[in-house]
$ cat input_5.csv   # CSV, C-alpha atoms
chain,number,residue,atom,x,y,z
A,640,MET,CA,37.7,-31.4,-38.3
A,641,ALA,CA,34.4,-29.9,-39.3
A,642,LEU,CA,31.2,-31.3,-37.7
A,643,LYS,CA,29.1,-33.6,-39.8
A,644,GLY,CA,25.5,-32.4,-40.4
A,645,ASP,CA,22.6,-32.1,-42.7
A,646,GLY,CA,21.0,-29.4,-44.7
A,647,SER,CA,18.6,-28.4,-47.5
A,648,VAL,CA,18.6,-26.2,-50.6
A,649,THR,CA,15.7,-25.0,-52.8
A,650,ALA,CA,15.8,-25.4,-56.6
A,651,GLU,CA,13.8,-23.1,-58.7
A,652,PRO,CA,12.5,-24.2,-62.2
A,653,LEU,CA,13.4,-22.4,-65.4
A,654,ASP,CA,10.8,-22.1,-68.2
A,655,ASN,CA,9.1,-25.4,-69.0
A,656,ASP,CA,11.1,-27.0,-66.1
A,657,GLU,CA,14.0,-27.1,-68.5
A,658,ALA,CA,16.3,-27.1,-65.5
A,659,TYR,CA,16.2,-26.4,-61.7
A,660,VAL,CA,18.6,-23.8,-60.4
A,661,THR,CA,20.0,-23.6,-56.8
A,662,GLU,CA,21.8,-20.7,-55.2
A,663,VAL,CA,25.3,-21.7,-54.2
A,664,GLU,CA,27.9,-19.4,-52.5
A,665,PHE,CA,31.5,-19.2,-53.8
A,666,GLY,CA,34.5,-17.5,-52.3
A,667,THR,CA,35.0,-14.9,-49.5
A,668,PRO,CA,33.0,-12.8,-49.3
A,669,ALA,CA,30.3,-15.0,-50.7
A,670,GLN,CA,29.4,-14.7,-54.4
A,671,LYS,CA,26.0,-16.1,-55.1
A,672,LEU,CA,25.8,-18.1,-58.3
A,673,LYS,CA,22.9,-20.0,-59.9
A,674,MET,CA,23.8,-23.7,-60.3
A,675,ILE,CA,22.2,-26.8,-61.7
A,676,LEU,CA,22.6,-29.7,-59.3
A,677,ASP,CA,23.3,-32.6,-61.7
A,678,THR,CA,23.4,-36.2,-60.7
A,679,GLY,CA,24.5,-37.1,-64.2
A,680,SER,CA,27.9,-35.4,-64.1
A,681,SER,CA,30.7,-34.8,-61.6
A,682,ASP,CA,32.3,-31.4,-62.4
A,683,VAL,CA,31.7,-28.1,-60.6
A,684,TRP,CA,32.1,-25.5,-63.3
A,685,VAL,CA,31.1,-21.9,-63.5
A,686,GLN,CA,31.0,-18.9,-65.8
A,687,SER,CA,33.6,-16.5,-64.5
A,688,SER,CA,35.7,-13.4,-65.2
A,689,ASP,CA,37.9,-15.8,-67.3
A,690,SER,CA,35.0,-16.6,-69.7
A,691,ILE,CA,35.4,-15.5,-73.3
A,692,TYR,CA,32.0,-14.8,-74.8
A,693,ARG,CA,32.0,-15.4,-78.5
A,694,VAL,CA,28.3,-15.1,-79.4
A,695,ASN,CA,27.0,-13.1,-76.4
A,696,GLU,CA,29.9,-10.6,-76.3
A,697,ASN,CA,28.2,-7.8,-74.5
A,698,GLY,CA,25.8,-9.7,-72.2
A,699,PRO,CA,23.7,-9.8,-70.2
A,700,TRP,CA,25.4,-12.8,-68.5
A,701,ALA,CA,24.5,-15.0,-65.6
A,702,PRO,CA,26.0,-14.2,-62.2
A,703,ARG,CA,29.7,-15.1,-62.6
A,704,TYR,CA,32.5,-16.2,-60.3
A,705,MET,CA,35.2,-13.5,-59.8
A,706,PRO,CA,38.3,-15.2,-58.3
A,707,LYS,CA,40.1,-11.9,-57.9
A,708,ASN,CA,37.3,-10.7,-55.6
A,709,SER,CA,37.7,-13.7,-53.3
A,710,SER,CA,40.3,-13.6,-50.5
A,711,THR,CA,40.2,-17.5,-50.3
A,712,SER,CA,40.7,-18.1,-54.1
A,713,THR,CA,43.9,-19.7,-55.4
A,714,ARG,CA,44.7,-20.7,-59.0
A,715,VAL,CA,45.8,-24.3,-59.4
A,716,ASP,CA,48.9,-24.2,-61.5
A,717,LYS,CA,48.7,-26.1,-64.8
A,718,ALA,CA,45.3,-27.6,-64.0
A,719,VAL,CA,42.8,-27.7,-66.9
A,720,TRP,CA,39.4,-29.3,-67.5
A,721,GLY,CA,36.9,-30.0,-70.3
A,722,VAL,CA,33.3,-31.4,-70.3
A,723,GLU,CA,30.9,-32.6,-72.9
A,724,TYR,CA,27.2,-33.3,-72.0
A,725,LEU,CA,24.6,-35.6,-73.5
A,726,ASP,CA,23.4,-32.9,-75.9
A,727,GLY,CA,26.9,-32.3,-77.3
A,728,THR,CA,27.4,-29.0,-75.5
A,729,THR,CA,30.9,-28.4,-74.1
A,730,ALA,CA,32.9,-26.2,-71.8
A,731,THR,CA,36.7,-25.9,-71.0
A,732,GLY,CA,38.9,-23.8,-68.8
A,733,ILE,CA,41.2,-23.5,-65.8
A,734,VAL,CA,40.9,-24.4,-62.1
A,735,TYR,CA,40.9,-22.6,-58.8
A,736,ARG,CA,40.5,-23.7,-55.2
A,737,ASP,CA,38.1,-21.7,-53.0
A,738,THR,CA,35.5,-21.9,-50.3
A,739,LEU,CA,32.0,-23.2,-51.3
A,740,ARG,CA,28.8,-23.1,-49.3
A,741,LEU,CA,25.8,-25.3,-50.1
A,742,GLY,CA,22.8,-25.8,-47.9
A,743,GLY,CA,24.5,-24.9,-44.7
A,744,PHE,CA,27.7,-26.8,-45.5
A,745,GLU,CA,30.9,-24.8,-45.8
A,746,MET,CA,33.7,-26.6,-47.7
A,747,LYS,CA,37.2,-25.1,-48.1
A,748,HIS,CA,39.7,-25.6,-50.9
A,749,VAL,CA,37.1,-27.1,-53.3
A,750,ALA,CA,38.2,-27.4,-56.9
A,751,ILE,CA,36.2,-24.9,-58.9
A,752,GLU,CA,36.4,-25.2,-62.7
A,753,SER,CA,36.4,-21.8,-64.3
A,754,ALA,CA,35.0,-21.7,-67.9
A,755,GLN,CA,37.1,-19.9,-70.5
A,756,ILE,CA,35.3,-21.3,-73.5
A,757,MET,CA,31.8,-22.7,-73.5
A,758,ALA,CA,29.0,-23.6,-75.9
A,759,PRO,CA,26.8,-20.8,-77.2
A,760,ARG,CA,23.8,-22.2,-75.2
A,761,PHE,CA,25.6,-21.6,-71.9
A,762,GLU,CA,26.7,-18.1,-73.0
A,763,ARG,CA,23.1,-17.1,-73.7
A,764,GLU,CA,21.6,-18.7,-70.6
A,765,THR,CA,21.4,-15.8,-68.1
A,766,SER,CA,19.7,-17.9,-65.4
A,767,VAL,CA,22.5,-20.5,-65.0
A,768,SER,CA,26.0,-19.7,-63.8
A,769,GLY,CA,27.2,-23.3,-64.1
A,770,ILE,CA,26.8,-27.0,-63.2
A,771,MET,CA,27.4,-28.8,-59.9
A,772,GLY,CA,27.9,-32.5,-60.5
A,773,LEU,CA,26.7,-35.2,-58.0
A,774,ALA,CA,27.3,-38.4,-60.0
A,775,LYS,CA,27.9,-41.6,-58.0
A,776,GLN,CA,31.6,-42.2,-58.6
A,777,LEU,CA,32.4,-40.6,-61.9
A,778,PRO,CA,35.8,-38.9,-61.9
A,779,ASN,CA,35.7,-35.2,-62.7
A,780,ASN,CA,37.4,-33.9,-65.9
A,781,ILE,CA,40.2,-32.1,-64.2
A,782,THR,CA,43.8,-32.8,-65.2
A,783,PRO,CA,45.7,-33.7,-63.1
A,784,PRO,CA,43.1,-35.8,-61.2
A,785,THR,CA,41.3,-34.1,-58.3
A,786,PRO,CA,38.7,-35.5,-55.9
A,787,SER,CA,35.1,-35.1,-57.1
A,788,PHE,CA,32.8,-32.6,-55.3
A,789,LEU,CA,30.5,-35.4,-54.1
A,790,SER,CA,33.4,-37.1,-52.4
A,791,VAL,CA,34.2,-33.8,-50.6
A,792,LEU,CA,30.5,-33.3,-49.7
A,793,ARG,CA,30.1,-36.9,-48.5
A,794,SER,CA,32.8,-36.4,-45.8
A,795,ARG,CA,30.6,-33.6,-44.3
A,796,LEU,CA,27.3,-35.5,-44.3
A,797,LYS,CA,25.8,-36.9,-41.1
A,798,LYS,CA,24.6,-39.8,-43.2
A,799,PRO,CA,26.0,-40.4,-46.7
A,800,VAL,CA,22.7,-39.8,-48.4
A,801,PHE,CA,20.8,-37.0,-50.3
A,802,THR,CA,17.3,-36.8,-51.6
A,803,VAL,CA,15.6,-34.9,-54.5
A,804,ASP,CA,12.0,-33.6,-54.6
A,805,LEU,CA,11.5,-31.9,-58.0
A,806,ARG,CA,8.1,-30.3,-58.6
A,807,ARG,CA,6.3,-29.4,-61.8
A,808,ASN,CA,6.5,-25.6,-62.4
A,809,ALA,CA,7.2,-25.1,-58.7
A,810,SER,CA,9.9,-24.6,-56.1
A,811,SER,CA,11.8,-27.9,-55.4
A,812,ARG,CA,14.4,-29.1,-53.0
A,813,PHE,CA,17.5,-31.2,-52.4
A,814,ASP,CA,18.1,-32.5,-48.8
A,815,PHE,CA,21.6,-33.6,-47.8
A,816,GLY,CA,22.6,-35.9,-44.9
A,817,TYR,CA,19.2,-37.3,-44.1
A,818,ILE,CA,16.0,-38.8,-45.6
A,819,ASN,CA,12.7,-37.2,-44.8
A,820,GLU,CA,10.5,-40.2,-45.4
A,821,SER,CA,7.3,-38.2,-44.8
A,822,MET,CA,7.9,-36.7,-48.3
A,823,ALA,CA,7.1,-40.1,-49.8
A,824,ALA,CA,3.5,-41.0,-50.3
A,825,ASP,CA,4.3,-44.8,-50.0
A,826,ASN,CA,7.3,-46.9,-49.1
A,827,ILE,CA,10.7,-46.2,-50.5
A,828,THR,CA,11.9,-49.1,-52.6
A,829,TRP,CA,15.7,-49.4,-52.8
A,830,LEU,CA,17.4,-50.5,-56.0
A,831,ASP,CA,21.1,-51.3,-56.2
A,832,SER,CA,23.0,-49.1,-58.6
A,833,ASN,CA,25.0,-51.0,-61.2
A,834,PRO,CA,28.4,-51.5,-59.5
A,835,ASP,CA,30.2,-51.3,-62.9
A,836,SER,CA,28.8,-47.9,-63.7
A,837,PRO,CA,30.2,-44.6,-62.4
A,838,HIS,CA,26.6,-43.2,-62.8
A,839,TRP,CA,23.5,-43.5,-60.8
A,840,ASP,CA,22.3,-46.4,-63.0
A,841,ILE,CA,19.5,-48.8,-62.0
A,842,GLU,CA,17.8,-51.6,-63.8
A,843,LEU,CA,14.1,-51.6,-64.7
A,844,ASP,CA,12.2,-54.3,-66.5
A,845,LEU,CA,8.3,-54.0,-66.3
A,846,THR,CA,6.6,-51.0,-67.9
A,847,ALA,CA,3.0,-50.2,-68.6
A,848,TRP,CA,0.7,-47.3,-69.5
A,849,LEU,CA,-3.0,-46.7,-68.9
A,850,GLY,CA,-3.9,-46.5,-72.5
A,851,LYS,CA,-6.3,-48.4,-74.7
A,852,ASN,CA,-4.8,-51.8,-73.9
A,853,PRO,CA,-3.0,-51.6,-70.5
A,854,MET,CA,-0.6,-54.4,-70.0
A,855,TRP,CA,2.8,-54.9,-68.5
A,856,MET,CA,5.7,-55.1,-71.1
A,857,TYR,CA,8.8,-57.0,-70.1
A,858,HIS,CA,11.8,-55.1,-71.4
A,859,LYS,CA,14.9,-55.1,-69.2
A,860,PHE,CA,17.0,-51.9,-69.4
A,861,GLN,CA,19.6,-49.8,-67.5
A,862,ALA,CA,18.8,-46.2,-66.9
A,863,THR,CA,20.7,-43.3,-65.4
A,864,VAL,CA,18.8,-41.2,-62.8
A,865,ASP,CA,19.8,-37.7,-63.9
A,866,THR,CA,18.6,-34.5,-62.4
A,867,GLY,CA,20.5,-32.6,-65.1
A,868,THR,CA,18.5,-33.9,-68.0
A,869,SER,CA,15.2,-32.3,-68.7
A,870,LEU,CA,13.5,-35.2,-70.5
A,871,LEU,CA,12.8,-38.9,-70.0
A,872,PHE,CA,14.5,-41.2,-72.5
A,873,LEU,CA,13.4,-44.8,-72.7
A,874,PRO,CA,14.3,-47.8,-74.9
A,875,ASP,CA,12.8,-47.4,-78.4
A,876,PRO,CA,10.4,-50.4,-78.1
A,877,LEU,CA,8.8,-48.8,-75.1
A,878,ALA,CA,8.8,-45.2,-76.3
A,879,SER,CA,7.4,-46.1,-79.7
A,880,ARG,CA,4.7,-48.3,-78.3
A,881,TYR,CA,3.6,-45.6,-75.9
A,882,TRP,CA,3.3,-42.9,-78.5
A,883,GLU,CA,1.5,-45.2,-81.0
A,884,ASP,CA,-1.4,-45.1,-78.5
A,885,VAL,CA,-1.6,-41.3,-78.7
A,886,PRO,CA,-4.0,-39.7,-81.3
A,887,GLY,CA,-2.3,-37.3,-83.8
A,888,VAL,CA,1.2,-38.1,-82.7
A,889,GLN,CA,4.0,-37.1,-85.2
A,890,LYS,CA,7.7,-37.6,-85.6
A,891,SER,CA,9.8,-34.5,-86.2
A,892,ASP,CA,11.5,-34.4,-89.7
A,893,LEU,CA,14.1,-31.9,-88.5
A,894,LEU,CA,15.1,-33.8,-85.3
A,895,SER,CA,15.6,-37.5,-86.0
A,896,GLY,CA,12.4,-39.2,-84.8
A,897,VAL,CA,11.5,-36.8,-82.0
A,898,TYR,CA,7.9,-37.2,-80.9
A,899,LYS,CA,5.3,-34.4,-80.9
A,900,PHE,CA,1.6,-34.5,-80.4
A,901,PRO,CA,-1.5,-32.2,-80.4
A,902,CYS,CA,-1.4,-30.0,-77.3
A,903,GLU,CA,-5.1,-30.3,-76.8
A,904,GLY,CA,-4.6,-34.0,-76.0
A,905,SER,CA,-2.1,-33.4,-73.2
A,906,GLN,CA,-4.5,-34.0,-70.4
A,907,ASP,CA,-5.5,-37.4,-71.9
A,908,LEU,CA,-1.9,-38.8,-72.2
A,909,PRO,CA,-1.7,-42.2,-70.6
A,910,ASP,CA,-0.1,-42.5,-67.2
A,911,LEU,CA,3.3,-44.3,-67.4
A,912,LEU,CA,4.0,-47.0,-64.9
A,913,PHE,CA,7.1,-48.8,-63.7
A,914,LYS,CA,6.9,-51.9,-61.6
A,915,LEU,CA,9.8,-52.3,-59.1
A,916,PRO,CA,11.0,-55.7,-57.8
A,917,THR,CA,8.7,-55.5,-54.7
A,918,GLU,CA,5.6,-55.1,-56.9
A,919,HIS,CA,5.8,-51.4,-56.0
A,920,VAL,CA,4.4,-49.4,-58.9
A,921,ILE,CA,5.8,-46.0,-59.6
A,922,ARG,CA,3.4,-43.7,-61.6
A,923,ILE,CA,4.2,-40.8,-63.8
A,924,PRO,CA,0.9,-38.9,-64.7
A,925,GLY,CA,0.3,-38.6,-68.4
A,926,PRO,CA,0.1,-34.8,-68.4
A,927,TYR,CA,3.7,-34.8,-67.1
A,928,LEU,CA,4.8,-36.2,-70.4
A,929,ASN,CA,4.0,-32.9,-72.2
A,930,TYR,CA,7.1,-30.8,-72.5
A,931,GLY,CA,5.3,-27.7,-73.9
A,932,PRO,CA,4.4,-26.2,-77.3
A,933,LEU,CA,6.7,-25.9,-80.3
A,934,ASP,CA,7.8,-22.3,-81.0
A,935,THR,CA,7.0,-22.8,-84.7
A,936,GLU,CA,3.7,-24.6,-84.3
A,937,PRO,CA,2.1,-23.8,-80.9
A,938,SER,CA,-0.8,-26.3,-81.5
A,939,LEU,CA,1.7,-29.1,-81.3
A,940,CYS,CA,3.6,-30.0,-78.1
A,941,TRP,CA,7.0,-31.7,-77.6
A,942,ALA,CA,6.8,-35.1,-76.0
A,943,GLY,CA,8.6,-35.2,-72.6
A,944,MET,CA,9.4,-38.8,-73.0
A,945,GLN,CA,11.5,-39.7,-76.1
A,946,SER,CA,13.3,-42.7,-77.5
A,947,ALA,CA,16.8,-43.4,-76.4
A,948,LYS,CA,17.7,-45.2,-79.6
A,949,ASP,CA,20.5,-42.8,-80.7
A,950,MET,CA,21.9,-42.5,-77.2
A,951,ASP,CA,24.3,-44.6,-75.1
A,952,GLY,CA,21.5,-45.5,-72.7
A,953,SER,CA,18.2,-44.6,-71.1
A,954,VAL,CA,17.9,-41.6,-68.9
A,955,LEU,CA,15.4,-40.9,-66.1
A,956,GLY,CA,15.4,-37.1,-66.3
A,957,ASP,CA,13.3,-34.4,-64.7
A,958,VAL,CA,10.1,-35.3,-66.6
A,959,MET,CA,10.0,-38.5,-64.5
A,960,LEU,CA,11.7,-37.2,-61.3
A,961,LYS,CA,9.0,-34.5,-60.9
A,962,ALA,CA,6.5,-37.3,-60.2
A,963,VAL,CA,8.6,-39.3,-57.7
A,964,PHE,CA,10.7,-38.9,-54.5
A,965,VAL,CA,14.2,-40.0,-55.1
A,966,ALA,CA,16.9,-40.9,-52.5
A,967,PHE,CA,20.6,-41.4,-53.4
A,968,ASP,CA,22.5,-43.6,-50.9
A,969,VAL,CA,26.2,-42.6,-51.5
A,970,GLY,CA,27.4,-45.1,-49.0
A,971,LYS,CA,25.6,-48.2,-50.2
A,972,LYS,CA,25.5,-47.1,-53.9
A,973,ARG,CA,21.8,-47.5,-54.2
A,974,ILE,CA,18.7,-45.5,-55.2
A,975,GLY,CA,15.4,-45.3,-53.4
A,976,LEU,CA,12.2,-44.5,-55.3
A,977,ALA,CA,8.7,-43.7,-54.0
A,978,ASN,CA,5.6,-42.0,-55.3
A,979,LYS,CA,4.7,-38.7,-53.7
A,980,ILE,CA,1.7,-36.5,-53.3
A,981,LEU,CA,1.3,-34.4,-56.5
A,982,HIS,CA,-0.7,-31.2,-56.2
A,983,ASP,CA,-1.4,-30.9,-59.9
A,984,ALA,CA,-2.2,-34.5,-61.0

$ encode --input "input_5.csv" --output "structure tokens"
Amino acid sequence: MALKGDGSVTAEPLDNDEAYVTEVEFGTPAQKLKMILDTGSSDVWVQSSDSIYRVNENGPWAPRYMPKNSSTSTRVDKAVWGVEYLDGTTATGIVYRDTLRLGGFEMKHVAIESAQIMAPRFERETSVSGIMGLAKQLPNNITPPTPSFLSVLRSRLKKPVFTVDLRRNASSRFDFGYINESMAADNITWLDSNPDSPHWDIELDLTAWLGKNPMWMYHKFQATVDTGTSLLFLPDPLASRYWEDVPGVQKSDLLSGVYKFPCEGSQDLPDLLFKLPTEHVIRIPGPYLNYGPLDTEPSLCWAGMQSAKDMDGSVLGDVMLKAVFVAFDVGKKRIGLANKILHDA
């Protein structure tokens, strides 16, 4: 029986904080792959020597898993998998079991999903080898059913918790097995996650922004806390009211109703506020809601907070998580939120 413990990993941002990438070791000897730690999904899948590249045939490719180079790798007979993400991208393939090392934890016989076919976006992304899912209790997409990675990791943690401290354009971290409360600038407020949802879903109801007419709007909604989604997606009544306050805001014709605004106004964007049940106010600085300039029109910037009207639900993605300290209590199925000291706001 392995000793239970705690550990930490760093996560480095890609351009525009599109995603945060952590080095994870697969196999024996260790193969270092670049993984997105994703609280919105549950599969651990990687580009590999099995991958068929249809649009990026000759590379360069991200670091890949090579099962034949690992003495601890075994193919799982007849096991297959397939995933589809919020943005419609997909990946499918076969399954191995192998040793995996993350933040000081070594786990043996972990199910590793090897991608044979994947969306062109993944083929071209040379900085990301794959995705490592940490969803609350979402089954992975392996057939036949296989325990999720989080359930395997949980058995190794001193305490069944992990925390996330994402930073804007800066090195970030995930801590496992403990909560470093000194990373919070105020108290951590705990919110029960929706027991009927396999995701890290919480309920919020009071939202405000420091614009022309600051006032609390009552609009109850469920939202998934998702480190694997770049943007913040809020209910349409909130998103539309927020952007109405911003001078020069436009809606994209090509992308259905996506907000963009003059980049010169990014420092003047209103702070976004959420009031938690204890009267604890979580603040996202306005400039954090700038997702960077359009390639085709650099004087305009994409809004980092968008409407969730065409989605299954709201998503609290990295645009928000960069401004807060987040704790995930796997045992009690709850999420802790706190403000944190920001060095650029």

$ residues_near_point --input "input_5.csv" --point "(37.0, -30.6, -58.6)" --cutoff "7 Å" --atoms "all atoms listed in the file" --output "list of chain:residue names"
A:Asp682, A:Val683, A:Val749, A:Ala750, A:Ile751, A:Glu752, A:Asn779, A:Ile781, A:Thr785, A:Pro786, A:Ser787, A:Phe788

$ write_last_selection --input "input_5.csv" --atoms "C-alpha atoms" --output "mmCIF file, keeping the file's coordinate frame"
data_model
loop_
_atom_site.group_PDB
_atom_site.id
_atom_site.type_symbol
_atom_site.label_atom_id
_atom_site.label_comp_id
_atom_site.auth_asym_id
_atom_site.auth_seq_id
_atom_site.Cartn_x
_atom_site.Cartn_y
_atom_site.Cartn_z
ATOM 1 C CA ASP A 682 32.300 -31.400 -62.400
ATOM 2 C CA VAL A 683 31.700 -28.100 -60.600
ATOM 3 C CA VAL A 749 37.100 -27.100 -53.300
ATOM 4 C CA ALA A 750 38.200 -27.400 -56.900
ATOM 5 C CA ILE A 751 36.200 -24.900 -58.900
ATOM 6 C CA GLU A 752 36.400 -25.200 -62.700
ATOM 7 C CA ASN A 779 35.700 -35.200 -62.700
ATOM 8 C CA ILE A 781 40.200 -32.100 -64.200
ATOM 9 C CA THR A 785 41.300 -34.100 -58.300
ATOM 10 C CA PRO A 786 38.700 -35.500 -55.900
ATOM 11 C CA SER A 787 35.100 -35.100 -57.100
ATOM 12 C CA PHE A 788 32.800 -32.600 -55.300
#

$ closest_residue --input "input_5.csv" --among "A:Met856, A:Val864, A:Ala650, A:Ala966" --to "Trp829 (chain A)" --atoms "all atoms listed in the file"
A:Ala966

$ closest_atom_pairs --input "input_5.csv" --of "region 734-840 of chain A" --to "region 909-920 of chain A" --cutoff "12 Å" --atoms "only C-alpha atoms" --output "Markdown table"
| residue | atom | partner | partner_atom | distance |
| --- | --- | --- | --- | --- |
| A:Asp825 | CA | A:His919 | CA | 9.0 |
| A:Asn826 | CA | A:His919 | CA | 8.4 |
| A:Ile827 | CA | A:His919 | CA | 9.0 |
| A:Thr828 | CA | A:His919 | CA | 7.4 |
| A:Trp829 | CA | A:Leu915 | CA | 9.1 |
| A:Leu830 | CA | A:Leu915 | CA | 8.4 |
| A:Asp831 | CA | A:Pro916 | CA | 11.1 |

$ atom_distance --input "input_5.csv" --atom1 "CA of Val969 (chain A)" --atom2 "CA of Ala809 (chain A)"
26.8 Å

$ closest_residue --input "input_5.csv" --among "A:Ser794, A:Asn808, A:Ser709, A:Ser832" --to "His982 (chain A)" --atoms "all atoms listed in the file"
A:Asn808

$ closest_residue --input "input_5.csv" --among "A:Thr738, A:Asn929, A:Ser938, A:Ser647" --to "Gly816 (chain A)" --atoms "all atoms listed in the file"
A:Ser647

$ closest_residue --input "input_5.csv" --among "A:Asp677, A:Gln670, A:Gly931, A:Arg714" --to "His748 (chain A)" --atoms "all atoms listed in the file"
A:Arg714

$ residues_around --input "input_5.csv" --residues "Leu933 (chain A)" --least-positions-apart "4" --cutoff "12 Å" --atoms "only C-alpha atoms" --output "number ranges by chain"
A: 655, 891, 898-902, 929, 937-942

$ atom_distance --input "input_5.csv" --atom1 "CA of Met771 (chain A)" --atom2 "CA of Val648 (chain A)"
13.1 Å

$ residues_around --input "input_5.csv" --residues "region 723-727 of chain A" --least-positions-apart "5" --cutoff "10 Å" --atoms "all atoms listed in the file" --output "list in words"
Gly679, Ser680, Met757, Ala758, Asn780, Gly867, Thr868, Met950 and Asp951 of chain A

$ closest_residue --input "input_5.csv" --among "A:Ser710, A:Ser811, A:Gln945, A:Thr802" --to "Ala669 (chain A)" --atoms "all atoms listed in the file"
A:Ser710

$ atom_distance --input "input_5.csv" --atom1 "CA of Met705 (chain A)" --atom2 "CA of Asp737 (chain A)"
11.0 Å

$ closest_residue --input "input_5.csv" --among "A:Arg763, A:Lys747, A:Arg703, A:Arg736" --to "Val791 (chain A)" --atoms "all atoms listed in the file"
A:Lys747

$ residues_around --input "input_5.csv" --residues "Ser690 (chain A)" --least-positions-apart "5" --cutoff "10 Å" --atoms "only C-alpha atoms" --output "list of chain:residue names"
A:Val685, A:Arg703, A:Tyr704, A:Thr731, A:Gly732, A:Ser753, A:Ala754, A:Gln755, A:Ile756, A:Met757, A:Glu762

$ residues_around --input "input_5.csv" --residues "Ala823 (chain A)" --least-positions-apart "4" --cutoff "8 Å" --atoms "all atoms listed in the file" --output "list in words"
Ile827, Phe964, Ala977, Asn978, Lys979 and Ile980 of chain A

$ residues_near_point --input "input_5.csv" --point "(7.6, -51.2, -69.4)" --cutoff "10 Å" --atoms "all atoms listed in the file" --output "ChimeraX atom specification"
/A:843-848,854-860,873-874,876-878,880-881,911-914

$ residues_around --input "input_5.csv" --residues "region 795-799 of chain A" --least-positions-apart "6" --cutoff "10 Å" --atoms "all atoms listed in the file" --output "VMD selection string"
chain A and resid 640 to 646 744 to 746 789 815 to 818 967 to 972

$ decode --input "input_5.csv" --residues "region 937-964 of chain A" --atoms "C-alpha atoms" --output "short mmCIF file (atom, residue, chain, number, x, y, z; two decimals), in the first residue's frame"
data_model
loop_
_atom_site.label_atom_id
_atom_site.label_comp_id
_atom_site.auth_asym_id
_atom_site.auth_seq_id
_atom_site.Cartn_x
_atom_site.Cartn_y
_atom_site.Cartn_z
CA PRO A 937 -5.94 44.24 -33.97
CA SER A 938 -7.64 47.43 -32.71
CA LEU A 939 -10.52 45.23 -31.47
CA CYS A 940 -10.22 42.71 -28.64
CA TRP A 941 -12.20 39.56 -27.91
CA ALA A 942 -14.24 39.66 -24.74
CA GLY A 943 -13.04 37.12 -22.19
CA MET A 944 -16.56 36.87 -20.75
CA GLN A 945 -19.22 35.75 -23.21
CA SER A 946 -22.88 34.72 -23.21
CA ALA A 947 -23.69 31.07 -22.51
CA LYS A 948 -26.98 31.27 -24.42
CA ASP A 949 -26.05 28.62 -27.02
CA MET A 950 -24.45 26.30 -24.44
CA ASP A 951 -25.74 23.70 -21.99
CA GLY A 952 -24.81 25.90 -19.04
CA SER A 953 -22.55 28.58 -17.64
CA VAL A 954 -18.82 27.93 -17.28
CA LEU A 955 -16.40 29.59 -14.86
CA GLY A 956 -13.25 29.20 -16.96
CA ASP A 957 -9.70 30.52 -16.71
CA VAL A 958 -10.62 34.18 -17.28
CA MET A 959 -12.31 34.08 -13.86
CA LEU A 960 -10.06 31.51 -12.19
CA LYS A 961 -6.97 33.70 -12.77
CA ALA A 962 -8.47 36.17 -10.31
CA VAL A 963 -9.45 33.74 -7.53
CA PHE A 964 -8.04 30.95 -5.38
#
